[in-house]
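Okay, structure_11.txt now, which holds compact mmCIF, C-alpha atoms (C1' of nucleotides):
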```txt
# COMPACT_ATOMS: atom_id res chain seq x y z
CA MET M 1 -2.20 30.13 -14.24
CA ARG M 2 1.04 29.22 -12.62
CA LEU M 3 1.15 26.01 -10.67
CA SER M 4 3.93 25.17 -8.34
CA ILE M 5 4.70 23.09 -5.34
CA MET M 6 3.09 24.97 -2.50
CA LYS M 7 4.38 25.56 0.98
CA ALA M 8 2.59 24.17 3.97
CA ASN M 9 -0.21 26.35 5.20
CA LEU M 10 -1.31 24.37 8.22
CA SER M 11 0.54 25.62 11.26
CA TYR M 12 1.60 23.83 14.41
CA THR M 13 -1.25 25.53 16.26
CA ASP M 14 -3.79 24.65 13.56
CA LEU M 15 -2.89 21.00 13.93
CA LEU M 16 -3.16 21.02 17.70
CA ASP M 17 -6.54 22.74 17.40
CA LEU M 18 -7.69 20.05 15.00
CA ILE M 19 -6.68 17.38 17.47
CA GLU M 20 -8.75 19.08 20.15
CA ASP M 21 -11.69 19.57 17.78
CA ASN M 22 -11.51 15.84 17.27
CA GLY M 23 -12.19 15.37 20.97
CA SER M 24 -8.67 14.17 21.63
CA ARG M 25 -6.13 15.50 24.10
CA ILE M 26 -3.01 17.44 23.39
CA THR M 27 -0.12 15.60 24.96
CA GLY M 28 3.60 16.11 24.97
CA GLN M 29 4.11 13.28 22.51
CA ARG M 30 1.52 14.64 20.11
CA ARG M 31 3.14 18.06 20.29
CA ASP M 32 6.48 16.49 19.41
CA ILE M 33 5.08 14.60 16.45
CA VAL M 34 3.11 17.55 15.09
CA ASN M 35 6.12 19.75 15.54
CA LEU M 36 8.18 17.40 13.42
CA LEU M 37 5.49 17.20 10.75
CA VAL M 38 5.19 20.94 10.24
CA ALA M 39 8.94 21.43 10.19
CA ARG M 40 9.24 19.45 6.97
CA ARG M 41 7.28 18.99 3.81
CA GLU M 42 8.91 15.88 2.30
CA GLY M 43 6.64 13.32 3.86
CA PHE M 44 7.49 10.77 6.50
CA THR M 45 7.50 7.10 7.19
CA PRO M 46 6.38 6.13 10.69
CA GLU M 47 9.84 4.67 11.08
CA GLU M 48 11.46 8.05 10.48
CA ILE M 49 9.27 9.79 13.01
CA ASN M 50 10.11 7.07 15.46
CA ASN M 51 13.83 7.47 14.93
CA GLU M 52 13.78 11.22 15.36
CA LEU M 53 11.70 11.08 18.52
CA PRO M 54 13.29 8.43 20.74
CA ASN M 55 11.10 9.54 23.63
CA VAL M 56 7.89 8.69 21.78
CA GLY M 57 6.91 5.04 21.60
CA ARG M 58 6.35 3.28 18.31
CA ALA M 59 2.73 2.56 19.13
CA THR M 60 2.08 6.20 19.90
CA VAL M 61 3.54 7.24 16.59
CA TYR M 62 1.16 4.90 14.77
CA ARG M 63 -1.78 5.94 16.92
CA THR M 64 -1.11 9.62 16.31
CA ILE M 65 -0.71 9.09 12.58
CA LYS M 66 -4.07 7.35 12.49
CA LEU M 67 -5.59 10.20 14.45
CA LEU M 68 -4.27 12.79 12.02
CA VAL M 69 -5.23 10.80 8.94
CA ASN M 70 -8.76 10.42 10.28
CA SER M 71 -8.87 14.17 10.91
CA GLY M 72 -7.95 14.69 7.29
CA VAL M 73 -4.76 16.65 7.93
CA LEU M 74 -2.36 13.89 7.02
CA CYS M 75 -2.39 12.00 3.71
CA LYS M 76 -1.28 8.46 3.22
CA LEU M 77 0.69 8.10 0.00
CA THR M 78 1.66 5.00 -1.91
CA LEU M 79 4.92 5.54 -3.74
CA PRO M 80 5.78 3.95 -7.08
CA ASP M 81 7.71 1.23 -5.28
CA SER M 82 4.64 0.48 -3.13
CA SER M 83 6.16 1.87 0.01
CA ILE M 84 4.06 4.11 2.23
CA LYS M 85 4.66 7.70 3.28
CA TYR M 86 2.57 10.26 5.08
CA ALA M 87 2.48 13.93 4.17
CA LEU M 88 0.65 16.87 5.68
CA ALA M 89 -2.38 17.97 3.76
CA GLN M 90 -1.51 21.47 2.79
CA ILE M 91 -4.42 22.71 0.76
CA SER M 92 -7.98 21.59 0.82
CA HIS M 93 -8.19 19.50 -2.32
CA HIS M 94 -4.95 18.62 -3.94
CA HIS M 95 -2.71 16.06 -5.53
CA HIS M 96 0.80 14.94 -4.87
CA THR M 97 3.98 14.83 -6.86
CA VAL M 98 6.50 12.21 -5.83
CA CYS M 99 10.05 12.35 -7.10
CA VAL M 100 10.90 8.84 -8.21
CA LYS M 101 14.54 9.37 -7.36
CA CYS M 102 14.81 11.24 -4.07
CA GLY M 103 11.24 10.69 -2.93
CA ILE M 104 10.51 14.32 -2.14
CA ILE M 105 6.80 14.97 -2.06
CA GLY M 106 5.15 18.10 -3.40
CA GLU M 107 1.58 19.10 -3.73
CA PHE M 108 -0.37 20.91 -6.37
CA ARG M 109 -3.87 21.99 -7.09
CA ASP M 110 -5.29 22.36 -10.52
CA SER M 111 -8.91 23.00 -11.21
CA THR M 112 -8.33 21.47 -14.63
CA VAL M 113 -8.10 18.13 -12.90
CA GLU M 114 -11.50 18.65 -11.35
CA ARG M 115 -12.97 19.71 -14.67
CA LEU M 116 -11.45 16.69 -16.34
CA LEU M 117 -13.05 14.40 -13.80
CA LYS M 118 -16.43 15.98 -14.41
CA ALA M 119 -16.02 15.35 -18.10
CA ILE M 120 -15.02 11.74 -17.58
CA ASP M 121 -17.83 11.19 -15.10
CA SER M 122 -20.50 11.47 -17.75
CA ASP M 123 -18.80 8.77 -19.77
CA ILE M 124 -18.26 6.19 -17.07
CA ASP M 125 -20.70 3.63 -15.79
CA GLY M 126 -21.14 4.74 -12.21
CA ASP M 127 -20.58 7.89 -10.20
CA ILE M 128 -17.14 9.18 -9.38
CA VAL M 129 -17.02 9.67 -5.62
CA GLY M 130 -13.31 10.22 -5.19
CA HIS M 131 -9.97 9.84 -6.86
CA ARG M 132 -6.28 9.47 -6.30
CA LEU M 133 -3.86 11.20 -8.62
CA GLU M 134 -0.17 11.00 -7.99
CA LEU M 135 2.33 12.40 -10.42
CA HIS M 136 5.64 10.63 -10.43
CA ILE M 137 8.22 13.22 -11.28
CA LEU M 138 11.93 13.79 -11.45
CA CYS M 139 12.42 16.89 -9.31
CA PRO M 140 14.64 19.78 -10.43
CA GLU M 141 17.33 18.82 -7.96
CA CYS M 142 17.49 15.24 -9.23
CA THR M 143 17.27 16.31 -12.86
CA ARG M 144 20.30 18.51 -12.30
CA THR M 145 22.33 15.78 -10.64
CA ARG M 146 21.17 13.03 -12.97
CA GLU M 147 24.12 10.77 -13.71
CA MET H 1 -15.80 9.78 -27.83
CA ARG H 2 -17.51 7.20 -25.71
CA LEU H 3 -15.59 5.85 -22.76
CA SER H 4 -16.59 2.74 -20.95
CA ILE H 5 -15.17 0.00 -18.85
CA MET H 6 -13.46 -2.26 -21.35
CA LYS H 7 -13.39 -6.01 -21.48
CA ALA H 8 -10.16 -7.88 -21.10
CA ASN H 9 -8.22 -8.23 -24.28
CA LEU H 10 -5.29 -10.29 -23.09
CA SER H 11 -6.03 -13.97 -23.56
CA TYR H 12 -4.86 -17.00 -21.64
CA THR H 13 -2.45 -17.78 -24.45
CA ASP H 14 -1.16 -14.21 -24.59
CA LEU H 15 -0.26 -14.38 -20.94
CA LEU H 16 1.52 -17.71 -21.25
CA ASP H 17 3.45 -16.33 -24.22
CA LEU H 18 4.47 -13.33 -22.15
CA ILE H 19 5.76 -15.61 -19.43
CA GLU H 20 7.88 -17.45 -21.96
CA ASP H 21 9.08 -14.19 -23.53
CA ASN H 22 10.22 -13.29 -20.08
CA GLY H 23 12.54 -16.31 -20.09
CA SER H 24 10.40 -18.15 -17.56
CA ARG H 25 8.85 -21.59 -17.80
CA ILE H 26 5.22 -22.45 -18.20
CA THR H 27 4.26 -24.76 -15.37
CA GLY H 28 1.01 -26.31 -14.28
CA GLN H 29 0.69 -23.89 -11.39
CA ARG H 30 1.28 -20.86 -13.58
CA ARG H 31 -1.34 -22.15 -16.02
CA ASP H 32 -3.82 -22.44 -13.15
CA ILE H 33 -3.17 -18.93 -11.89
CA VAL H 34 -3.29 -17.34 -15.33
CA ASN H 35 -6.46 -19.26 -16.07
CA LEU H 36 -8.08 -17.80 -12.98
CA LEU H 37 -6.91 -14.28 -13.82
CA VAL H 38 -8.37 -14.23 -17.31
CA ALA H 39 -11.65 -15.71 -16.16
CA ARG H 40 -12.44 -12.62 -14.11
CA ARG H 41 -11.97 -8.93 -14.36
CA GLU H 42 -12.69 -7.75 -10.79
CA GLY H 43 -9.16 -7.93 -9.50
CA PHE H 44 -7.74 -10.34 -6.97
CA THR H 45 -6.01 -10.46 -3.66
CA PRO H 46 -3.23 -13.05 -3.42
CA GLU H 47 -5.30 -14.60 -0.64
CA GLU H 48 -8.23 -15.15 -3.01
CA ILE H 49 -6.08 -16.81 -5.62
CA ASN H 50 -4.64 -18.99 -2.92
CA ASN H 51 -8.07 -20.04 -1.69
CA GLU H 52 -9.34 -20.91 -5.13
CA LEU H 53 -6.27 -22.94 -6.02
CA PRO H 54 -5.58 -25.23 -3.05
CA ASN H 55 -3.05 -27.15 -5.09
CA VAL H 56 -0.85 -24.09 -5.61
CA GLY H 57 1.33 -23.03 -2.72
CA ARG H 58 1.11 -19.56 -1.21
CA ALA H 59 4.71 -18.77 -2.11
CA THR H 60 4.10 -19.74 -5.72
CA VAL H 61 1.10 -17.45 -5.90
CA TYR H 62 3.21 -14.53 -4.71
CA ARG H 63 6.09 -15.45 -6.98
CA THR H 64 3.81 -15.67 -10.00
CA ILE H 65 2.14 -12.36 -9.18
CA LYS H 66 5.53 -10.71 -9.02
CA LEU H 67 6.46 -12.30 -12.33
CA LEU H 68 3.33 -10.96 -14.00
CA VAL H 69 3.62 -7.50 -12.47
CA ASN H 70 7.20 -7.27 -13.69
CA SER H 71 6.06 -8.34 -17.15
CA GLY H 72 3.61 -5.48 -17.07
CA VAL H 73 0.47 -7.57 -17.52
CA LEU H 74 -0.76 -7.33 -13.96
CA CYS H 75 -1.36 -4.06 -12.12
CA LYS H 76 -1.04 -3.56 -8.41
CA LEU H 77 -3.84 -1.38 -7.10
CA THR H 78 -4.16 0.40 -3.80
CA LEU H 79 -7.81 0.69 -2.84
CA PRO H 80 -9.24 3.61 -0.87
CA ASP H 81 -8.97 1.57 2.33
CA SER H 82 -5.27 0.94 1.60
CA SER H 83 -5.76 -2.71 0.85
CA ILE H 84 -4.03 -4.20 -2.17
CA LYS H 85 -5.53 -5.86 -5.22
CA TYR H 86 -4.13 -7.03 -8.50
CA ALA H 87 -5.92 -6.66 -11.82
CA LEU H 88 -4.98 -7.74 -15.33
CA ALA H 89 -3.73 -4.93 -17.54
CA GLN H 90 -6.25 -4.83 -20.28
CA ILE H 91 -5.20 -2.02 -22.51
CA SER H 92 -1.80 -0.51 -23.00
CA HIS H 93 -2.07 2.70 -21.03
CA HIS H 94 -5.00 3.05 -18.78
CA HIS H 95 -6.47 3.95 -15.43
CA HIS H 96 -8.65 2.11 -13.00
CA THR H 97 -12.02 2.69 -11.46
CA VAL H 98 -12.63 1.09 -8.10
CA CYS H 99 -16.11 0.84 -6.67
CA VAL H 100 -15.86 1.98 -3.08
CA LYS H 101 -18.70 -0.27 -2.05
CA CYS H 102 -18.31 -3.62 -3.80
CA GLY H 103 -14.70 -3.19 -4.86
CA ILE H 104 -15.23 -4.11 -8.50
CA ILE H 105 -12.40 -2.81 -10.65
CA GLY H 106 -12.88 -1.34 -14.09
CA GLU H 107 -10.48 0.21 -16.51
CA PHE H 108 -10.67 3.16 -18.83
CA ARG H 109 -8.52 5.01 -21.23
CA ASP H 110 -8.89 8.65 -22.00
CA SER H 111 -6.44 10.61 -24.06
CA THR H 112 -7.75 13.70 -22.29
CA VAL H 113 -5.88 12.51 -19.22
CA GLU H 114 -2.66 12.37 -21.17
CA ARG H 115 -3.25 15.80 -22.60
CA LEU H 116 -3.98 17.16 -19.16
CA LEU H 117 -0.72 15.78 -17.85
CA LYS H 118 1.18 17.44 -20.66
CA ALA H 119 -0.44 20.73 -19.76
CA ILE H 120 0.38 20.35 -16.08
CA ASP H 121 3.93 19.29 -16.84
CA SER H 122 4.91 22.72 -18.09
CA ASP H 123 3.70 24.24 -14.84
CA ILE H 124 5.40 21.95 -12.38
CA ASP H 125 8.94 22.11 -11.10
CA GLY H 126 10.33 18.87 -12.44
CA ASP H 127 9.48 16.39 -15.19
CA ILE H 128 6.50 14.11 -14.97
CA VAL H 129 7.77 10.59 -15.55
CA GLY H 130 4.69 8.64 -14.55
CA HIS H 131 1.42 8.87 -12.76
CA ARG H 132 -1.24 6.94 -10.93
CA LEU H 133 -4.88 7.88 -11.37
CA GLU H 134 -7.54 5.85 -9.68
CA LEU H 135 -11.15 6.90 -9.77
CA HIS H 136 -13.17 5.84 -6.79
CA ILE H 137 -16.68 5.26 -8.03
CA LEU H 138 -19.99 3.89 -6.98
CA CYS H 139 -20.76 1.35 -9.68
CA PRO H 140 -24.21 1.12 -11.33
CA GLU H 141 -25.01 -2.06 -9.45
CA CYS H 142 -24.22 -0.50 -6.08
CA THR H 143 -25.98 2.75 -6.94
CA ARG H 144 -29.08 0.74 -7.71
CA THR H 145 -28.99 -1.21 -4.47
CA ARG H 146 -27.91 1.72 -2.34
CA GLU H 147 -29.73 1.53 0.97
C1' DC W 1 20.11 -34.76 -16.77
C1' DT W 2 19.96 -29.99 -15.22
C1' DC W 3 18.40 -26.07 -13.52
C1' DA W 4 14.10 -23.47 -12.80
C1' DT W 5 10.23 -23.94 -9.98
C1' DT W 6 7.72 -25.55 -6.10
C1' DG W 7 6.09 -26.41 -1.23
C1' DC W 8 6.74 -26.01 3.27
C1' DA W 9 7.76 -23.83 7.30
C1' DA W 10 10.38 -20.41 9.33
C1' DA W 11 11.67 -15.62 9.04
C1' DT W 12 10.55 -10.96 8.18
C1' DG W 13 8.80 -6.25 8.50
C1' DG W 14 5.43 -3.14 9.21
C1' DT W 15 1.47 -2.28 12.02
C1' DT W 16 -1.73 -3.42 15.95
C1' DT W 17 -3.19 -4.61 20.41
C1' DG W 18 -3.55 -5.96 25.61
C1' DC W 19 -2.58 -4.34 29.75
C1' DA W 20 -0.58 -2.10 33.50
C1' DT W 21 1.19 2.65 34.21
C1' DT W 22 1.24 7.65 33.53
C1' DG W 23 -0.46 12.20 33.16
C1' DG W 24 -3.83 15.94 31.34
C1' DG W 25 -7.65 18.56 32.56
C1' DC J 1 -9.49 12.12 40.67
C1' DC J 2 -10.75 9.88 36.26
C1' DC J 3 -10.30 8.38 31.97
C1' DA J 4 -7.49 9.20 27.76
C1' DA J 5 -3.04 8.29 26.26
C1' DT J 6 1.35 5.89 26.66
C1' DG J 7 5.07 2.26 26.60
C1' DC J 8 6.26 -2.17 26.24
C1' DA J 9 6.17 -6.54 24.48
C1' DA J 10 3.51 -9.85 22.41
C1' DA J 11 0.43 -10.63 18.64
C1' DC J 12 -0.76 -10.10 13.87
C1' DC J 13 -0.85 -10.46 9.00
C1' DA J 14 0.73 -10.14 4.52
C1' DT J 15 4.70 -11.21 2.11
C1' DT J 16 9.40 -13.25 1.50
C1' DT J 17 12.97 -16.59 1.86
C1' DG J 18 15.97 -20.95 2.65
C1' DC J 19 16.23 -25.32 1.36
C1' DA J 20 15.31 -29.85 -0.03
C1' DA J 21 12.23 -32.13 -3.37
C1' DT J 22 10.06 -31.94 -7.91
C1' DG J 23 9.40 -31.46 -12.79
C1' DA J 24 9.94 -29.17 -17.47
C1' DG J 25 12.58 -29.23 -21.52
```
Exercise: express the given structure as structure tokens:
Amino acid sequence: MRLSIMKANLSYTDLLDLIEDNGSRITGQRRDIVNLLVARREGFTPEEINNELPNVGRATVYRTIKLLVNSGVLCKLTLPDSSIKYALAQISHHHHTVCVKCGIIGEFRDSTVERLLKAIDSDIDGDIVGHRLELHILCPECTRTRE
Amino acid sequence: MRLSIMKANLSYTDLLDLIEDNGSRITGQRRDIVNLLVARREGFTPEEINNELPNVGRATVYRTIKLLVNSGVLCKLTLPDSSIKYALAQISHHHHTVCVKCGIIGEFRDSTVERLLKAIDSDIDGDIVGHRLELHILCPECTRTRE
DNA sequence: CTCATTGCAAATGGTTTGCATTGGG
DNA sequence: CCCAATGCAAACCATTTGCAATGAG
């Protein structure tokens, strides 16, 4: 089995549909934000979204992020330096890779991880109800340009 | 192999030694904080430490936490609700379990995890240089009293 | 004695909220 | 039309910092 960083598979339209399914309205600002999110895969800080969309207020950016996180299409990531980034969920159940140098975020899925958790479950006091696995990597680009 | 949540194995004296090794001084306030840390294993918020030690200033609590984190004896954890807790590192390389209900923090070590990472490494674009694995569990106590 | 450490209060930075206004359906 | 969503600025909250006072070695 070949794992690799996968491309986004949630489209602009998918995201807007999810917002509607959530009982929320599709507004110009939300279109702008979603549009920005699908155009990139590296992950965003609210600050970055705010800078790129001067016509969307800071509060709206935060409110939309919360909306998307609650809908399960956006993931909140804690980087090694404790800073926060958000990245689009791209596949149903997955994990993230974070380059410790350039910060680029990838995603991977490996059923081995799930199997591992099942194995550990039987040996832990309590039931595993969720997990967070982030791999801190040095991406190919940064490996190449390592000084 | 039997895994279980392990008891702390870093003593009060160990921690003070580590502070000295770090080139820092042992002060009354640092003694108080370290004393509190070793007395419990659930993990702390800075706020909690501050409340329990009225004679230690807030800034000192934060400065000491940073000192200990940098020395590698205290781990910063991000809970499922994005709040932050600190827990004593208890074994060299390990992972944490966090009860999603009561918040109690446990620790486990499983070489299977390390082996898994090695396996994944060969299939990912980039080199794995670190990772964060947190298991969100429902601890035995909370399972028992589940309403 | 000297310099690291402390306490305090002020500053910071990211996120949220209150409220009047706007705009989608 | 109506109520959800927005923008703005003020509020918040955890954490950090400047600086004068303290204390460990």
Non-local contacts of stretch 12-14 of chain J (12 Å; all atoms listed in the file; under 2 positions in same chain excluded) as number ranges by chain | H: 45-47, 58-59, 62, 83-84; W: 12-17; J: 10, 16
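Between atom CA of M:Ile33 and atom CA of M:Glu134 the separation is 25.3 Å.
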Residues within 12 Å of M:Asn55, please, as a VMD selection string. Count only C-alpha atoms (C1' of nucleotides); anything in the same chain fewer than 5 positions from it doesn't count.
(chain M and resid 28 to 30 32 to 33 49 to 50 60 to 61) or (chain J and resid 6 to 7)
| task | Would you kindly identify which residues have an atom no farther than 12 Å from (13.6, -23.6, -10.9), using only C-alpha atoms (C1' of nucleotides) and the file's own coordinates, and write them out as a count of residues only? | result | 16
Could you pull the residues within 10 Å of W:DA10, counting all atoms listed in the file, minus those fewer than 2 positions along the same chain, as a ChimeraX atom specification?
-> /W:8,12 /J:17-18
Could you dump the residues just selected with C-alpha atoms (C1' of nucleotides) as a CSV table (one decimal), in the coordinates of the input?
```csv
chain,number,residue,atom,x,y,z
W,8,DC,C1',6.7,-26.0,3.3
W,12,DT,C1',10.6,-11.0,8.2
J,17,DT,C1',13.0,-16.6,1.9
J,18,DG,C1',16.0,-21.0,2.6
```
Separating atom CA of M:Glu107 from atom CA of M:Arg31, to the nearest tenth of an Å, is a gap of 24.1 Å
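Comparing H:Arg132, H:Leu88, H:Thr97, H:Val56 by their smallest distance to chain W, the closest is H:Val56 (using only C-alpha atoms (C1' of nucleotides)).
The residue set within 7 Å of H:Ser11, counting all atoms listed in the file and dropping same-chain residues fewer than 3 places from it, reads Asp14, Leu15 and Val38 of chain H.
Residues in contact range of M:His131, defined as at most 8 Å between all atoms listed in the file, with sequence neighbours fewer than 5 positions away removed, read H:Leu133, H:Glu134, H:Leu135, H:His136.
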Identify all chain H residues at most 10 Å from chain M by counting all atoms listed in the file; ligands do not count. Present them as a PDB file with C-alpha atoms, keeping the file's coordinate frame.
```pdb
ATOM      1  CA  MET H   1     -15.800   9.780 -27.830  1.00  0.00           C
ATOM      2  CA  ARG H   2     -17.510   7.200 -25.710  1.00  0.00           C
ATOM      3  CA  LEU H   3     -15.590   5.850 -22.760  1.00  0.00           C
ATOM      4  CA  SER H   4     -16.590   2.740 -20.950  1.00  0.00           C
ATOM      5  CA  ILE H   5     -15.170   0.000 -18.850  1.00  0.00           C
ATOM      6  CA  LYS H  76      -1.040  -3.560  -8.410  1.00  0.00           C
ATOM      7  CA  LEU H  77      -3.840  -1.380  -7.100  1.00  0.00           C
ATOM      8  CA  THR H  78      -4.160   0.400  -3.800  1.00  0.00           C
ATOM      9  CA  LEU H  79      -7.810   0.690  -2.840  1.00  0.00           C
ATOM     10  CA  PRO H  80      -9.240   3.610  -0.870  1.00  0.00           C
ATOM     11  CA  SER H  82      -5.270   0.940   1.600  1.00  0.00           C
ATOM     12  CA  ILE H  84      -4.030  -4.200  -2.170  1.00  0.00           C
ATOM     13  CA  HIS H  96      -8.650   2.110 -13.000  1.00  0.00           C
ATOM     14  CA  THR H  97     -12.020   2.690 -11.460  1.00  0.00           C
ATOM     15  CA  VAL H  98     -12.630   1.090  -8.100  1.00  0.00           C
ATOM     16  CA  CYS H  99     -16.110   0.840  -6.670  1.00  0.00           C
ATOM     17  CA  VAL H 100     -15.860   1.980  -3.080  1.00  0.00           C
ATOM     18  CA  GLY H 106     -12.880  -1.340 -14.090  1.00  0.00           C
ATOM     19  CA  GLU H 107     -10.480   0.210 -16.510  1.00  0.00           C
ATOM     20  CA  PHE H 108     -10.670   3.160 -18.830  1.00  0.00           C
ATOM     21  CA  ASP H 110      -8.890   8.650 -22.000  1.00  0.00           C
ATOM     22  CA  THR H 112      -7.750  13.700 -22.290  1.00  0.00           C
ATOM     23  CA  VAL H 113      -5.880  12.510 -19.220  1.00  0.00           C
ATOM     24  CA  LEU H 116      -3.980  17.160 -19.160  1.00  0.00           C
ATOM     25  CA  LEU H 117      -0.720  15.780 -17.850  1.00  0.00           C
ATOM     26  CA  ALA H 119      -0.440  20.730 -19.760  1.00  0.00           C
ATOM     27  CA  ILE H 120       0.380  20.350 -16.080  1.00  0.00           C
ATOM     28  CA  ASP H 121       3.930  19.290 -16.840  1.00  0.00           C
ATOM     29  CA  SER H 122       4.910  22.720 -18.090  1.00  0.00           C
ATOM     30  CA  ASP H 123       3.700  24.240 -14.840  1.00  0.00           C
ATOM     31  CA  ILE H 124       5.400  21.950 -12.380  1.00  0.00           C
ATOM     32  CA  ASP H 125       8.940  22.110 -11.100  1.00  0.00           C
ATOM     33  CA  GLY H 126      10.330  18.870 -12.440  1.00  0.00           C
ATOM     34  CA  ASP H 127       9.480  16.390 -15.190  1.00  0.00           C
ATOM     35  CA  ILE H 128       6.500  14.110 -14.970  1.00  0.00           C
ATOM     36  CA  VAL H 129       7.770  10.590 -15.550  1.00  0.00           C
ATOM     37  CA  GLY H 130       4.690   8.640 -14.550  1.00  0.00           C
ATOM     38  CA  HIS H 131       1.420   8.870 -12.760  1.00  0.00           C
ATOM     39  CA  ARG H 132      -1.240   6.940 -10.930  1.00  0.00           C
ATOM     40  CA  LEU H 133      -4.880   7.880 -11.370  1.00  0.00           C
ATOM     41  CA  GLU H 134      -7.540   5.850  -9.680  1.00  0.00           C
ATOM     42  CA  LEU H 135     -11.150   6.900  -9.770  1.00  0.00           C
ATOM     43  CA  HIS H 136     -13.170   5.840  -6.790  1.00  0.00           C
ATOM     44  CA  ILE H 137     -16.680   5.260  -8.030  1.00  0.00           C
ATOM     45  CA  LEU H 138     -19.990   3.890  -6.980  1.00  0.00           C
ATOM     46  CA  CYS H 139     -20.760   1.350  -9.680  1.00  0.00           C
ATOM     47  CA  PRO H 140     -24.210   1.120 -11.330  1.00  0.00           C
ATOM     48  CA  GLU H 141     -25.010  -2.060  -9.450  1.00  0.00           C
ATOM     49  CA  CYS H 142     -24.220  -0.500  -6.080  1.00  0.00           C
ATOM     50  CA  THR H 143     -25.980   2.750  -6.940  1.00  0.00           C
ATOM     51  CA  ARG H 144     -29.080   0.740  -7.710  1.00  0.00           C
TER      52      ARG H 144
END
```
Would you save stretch 49-54 of chain H to a file, keeping all heavy atoms, as a PDB file, in the first residue's frame?
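Below is the file part_8.pdb, written as the result:
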```pdb
ATOM      1  N   ILE H  49      -2.394  25.901  39.369  1.00  0.00           N
ATOM      2  CA  ILE H  49      -1.187  26.031  40.172  1.00  0.00           C
ATOM      3  C   ILE H  49      -1.227  27.356  40.916  1.00  0.00           C
ATOM      4  O   ILE H  49      -0.927  27.441  42.100  1.00  0.00           O
ATOM      5  CB  ILE H  49       0.086  25.976  39.292  1.00  0.00           C
ATOM      6  CG1 ILE H  49       0.160  24.621  38.590  1.00  0.00           C
ATOM      7  CG2 ILE H  49       1.335  26.227  40.119  1.00  0.00           C
ATOM      8  CD1 ILE H  49       1.351  24.480  37.664  1.00  0.00           C
ATOM      9  N   ASN H  50      -1.646  28.369  40.194  1.00  0.00           N
ATOM     10  CA  ASN H  50      -1.702  29.703  40.763  1.00  0.00           C
ATOM     11  C   ASN H  50      -2.675  29.774  41.940  1.00  0.00           C
ATOM     12  O   ASN H  50      -2.388  30.402  42.959  1.00  0.00           O
ATOM     13  CB  ASN H  50      -2.126  30.694  39.674  1.00  0.00           C
ATOM     14  CG  ASN H  50      -1.723  32.111  40.010  1.00  0.00           C
ATOM     15  OD1 ASN H  50      -2.544  32.987  40.110  1.00  0.00           O
ATOM     16  ND2 ASN H  50      -0.435  32.337  40.230  1.00  0.00           N
ATOM     17  N   ASN H  51      -3.796  29.103  41.805  1.00  0.00           N
ATOM     18  CA  ASN H  51      -4.792  29.113  42.876  1.00  0.00           C
ATOM     19  C   ASN H  51      -4.306  28.385  44.108  1.00  0.00           C
ATOM     20  O   ASN H  51      -4.570  28.810  45.237  1.00  0.00           O
ATOM     21  CB  ASN H  51      -6.097  28.457  42.396  1.00  0.00           C
ATOM     22  CG  ASN H  51      -6.816  29.320  41.387  1.00  0.00           C
ATOM     23  OD1 ASN H  51      -7.562  28.826  40.549  1.00  0.00           O
ATOM     24  ND2 ASN H  51      -6.577  30.630  41.437  1.00  0.00           N
ATOM     25  N   GLU H  52      -3.592  27.288  43.896  1.00  0.00           N
ATOM     26  CA  GLU H  52      -3.152  26.489  45.034  1.00  0.00           C
ATOM     27  C   GLU H  52      -1.932  27.072  45.723  1.00  0.00           C
ATOM     28  O   GLU H  52      -1.608  26.683  46.839  1.00  0.00           O
ATOM     29  CB  GLU H  52      -2.841  25.063  44.581  1.00  0.00           C
ATOM     30  CG  GLU H  52      -4.034  24.407  43.890  1.00  0.00           C
ATOM     31  CD  GLU H  52      -4.128  22.929  44.207  1.00  0.00           C
ATOM     32  OE1 GLU H  52      -3.597  22.498  45.258  1.00  0.00           O
ATOM     33  OE2 GLU H  52      -4.722  22.198  43.404  1.00  0.00           O
ATOM     34  N   LEU H  53      -1.252  27.977  45.065  1.00  0.00           N
ATOM     35  CA  LEU H  53      -0.063  28.576  45.658  1.00  0.00           C
ATOM     36  C   LEU H  53      -0.203  30.094  45.643  1.00  0.00           C
ATOM     37  O   LEU H  53       0.398  30.772  44.823  1.00  0.00           O
ATOM     38  CB  LEU H  53       1.186  28.166  44.864  1.00  0.00           C
ATOM     39  CG  LEU H  53       1.477  26.664  44.762  1.00  0.00           C
ATOM     40  CD1 LEU H  53       2.636  26.422  43.817  1.00  0.00           C
ATOM     41  CD2 LEU H  53       1.778  26.091  46.141  1.00  0.00           C
ATOM     42  N   PRO H  54      -0.979  30.614  46.591  1.00  0.00           N
ATOM     43  CA  PRO H  54      -1.269  32.059  46.603  1.00  0.00           C
ATOM     44  C   PRO H  54      -0.006  32.889  46.808  1.00  0.00           C
ATOM     45  O   PRO H  54       0.034  34.056  46.431  1.00  0.00           O
ATOM     46  CB  PRO H  54      -2.209  32.215  47.799  1.00  0.00           C
ATOM     47  CG  PRO H  54      -2.642  30.832  48.161  1.00  0.00           C
ATOM     48  CD  PRO H  54      -1.549  29.928  47.742  1.00  0.00           C
TER      49      PRO H  54
END
```
